[in-house]
Amino acid sequence: MLEHPLQGHYRQWAIEALKLSPLFGCLTPNDRETVLTHGKLFVYRAQEVIIQEGTVPDCFFLLIKGEAAVTVLSGKHPVEVGRISSPNIFGEMGLLLRHARTATVLASEEIIALRFHHRAFDLMLDGIQGFARQLSVTLAQRLAKLPAVHHCQRPLQ
């Protein structure tokens with residue numbers, strides 16, 4: 001992982017990713033600038049772990065470029081359960097629920113991502129109008145895309 005100053009073409013990529021992001025796109029330009037002041041830009045190599053299952057959450061990410069794989073341990077082997085592509089967020093669930101990470105996120109290829117510390121996440125929730133609502137919408141849309149699971153196989157009486 002390499003950290004880059006958030007300037008030049010990296011800054012421009014970050015601004016464009018914020019505009020295109022389902023979470024940040026609806027914010028005002030001033031609010032996006034505020035968000036950007038809390039971000040740090042990182043480049044991850046292919047196969048590099050970004051988030052490790054079981055660790056304490058301390059940040060969340062906006063994927064700017066590339067794709068990441070989400071895996072969970074099943075027995076002794078990791079199983080890929082999904083993919084994240086730009087400009088989507090990941091890592092926010094652990095921050096919201098305040099419990100250990102439930103999955104590992106691995107760079108499928110070289111990726112560029114904005115990383116936001118958990119204190120910045122709390123500031124965004126409390127201080128940026130519309131952020132909490134849009135986060136709720138983003139998570140609800142993600143949940144709606146999951147396949148339906150039927151827990152009851154027998155008819156109700």
# chains A, B, ... in the order shown; residues from 1 in each chain; ligands from 1
>>> select_by_dssp(residues="chain A", states="strand (DSSP E or B)", output="ChimeraX atom specification")
/A:2-4,39-44,49-51,59-65,67-74,77-85,89-90,104-107,111-117
>>> closest_atom_pairs(of="segment 50-117 of chain A", to="segment 36-39 of chain A", cutoff="10 Å", atoms="only C-alpha atoms", output="JSON lines")
{"residue": "A:Phe60", "atom": "CA", "partner": "A:Gly39", "partner_atom": "CA", "distance": 9.8}
{"residue": "A:Phe61", "atom": "CA", "partner": "A:Gly39", "partner_atom": "CA", "distance": 8.9}
{"residue": "A:Leu62", "atom": "CA", "partner": "A:Gly39", "partner_atom": "CA", "distance": 9.2}
{"residue": "A:Ala113", "atom": "CA", "partner": "A:Gly39", "partner_atom": "CA", "distance": 9.4}
{"residue": "A:Leu114", "atom": "CA", "partner": "A:Gly39", "partner_atom": "CA", "distance": 5.7}
{"residue": "A:Arg115", "atom": "CA", "partner": "A:Gly39", "partner_atom": "CA", "distance": 5.4}
{"residue": "A:Phe116", "atom": "CA", "partner": "A:Gly39", "partner_atom": "CA", "distance": 5.0}
{"residue": "A:His117", "atom": "CA", "partner": "A:His38", "partner_atom": "CA", "distance": 7.6}
>>> residues_around(residues="segment 129-144 of chain A", least_positions_apart="3", cutoff="12 Å", atoms="only C-alpha atoms", output="ChimeraX atom specification")
/A:21-28,30-32,34-35,82,84,88-93,96,121-126,147-149
>>> residues_around(residues="Lys65 of chain A", least_positions_apart="5", cutoff="10 Å", atoms="only C-alpha atoms", output="JSON, numbers by chain")
{"A": [13, 14, 17, 43, 85, 86, 87, 88, 109, 110, 111, 112, 113, 114]}
>>> atom_distance(atom1="atom CA of Val72 of chain A", atom2="atom CA of Leu18 of chain A")
28.0 Å
>>> atom_distance(atom1="atom CA of Ile50 of chain A", atom2="atom CA of Ile128 of chain A")
26.5 Å
>>> atom_distance(atom1="atom CA of Leu41 of chain A", atom2="atom CA of Thr71 of chain A")
23.2 Å
>>> closest_residue(among="A:Glu53, A:Glu67, A:Glu33, A:Asp58", to="Lys19 of chain A", atoms="only C-alpha atoms")
A:Glu33
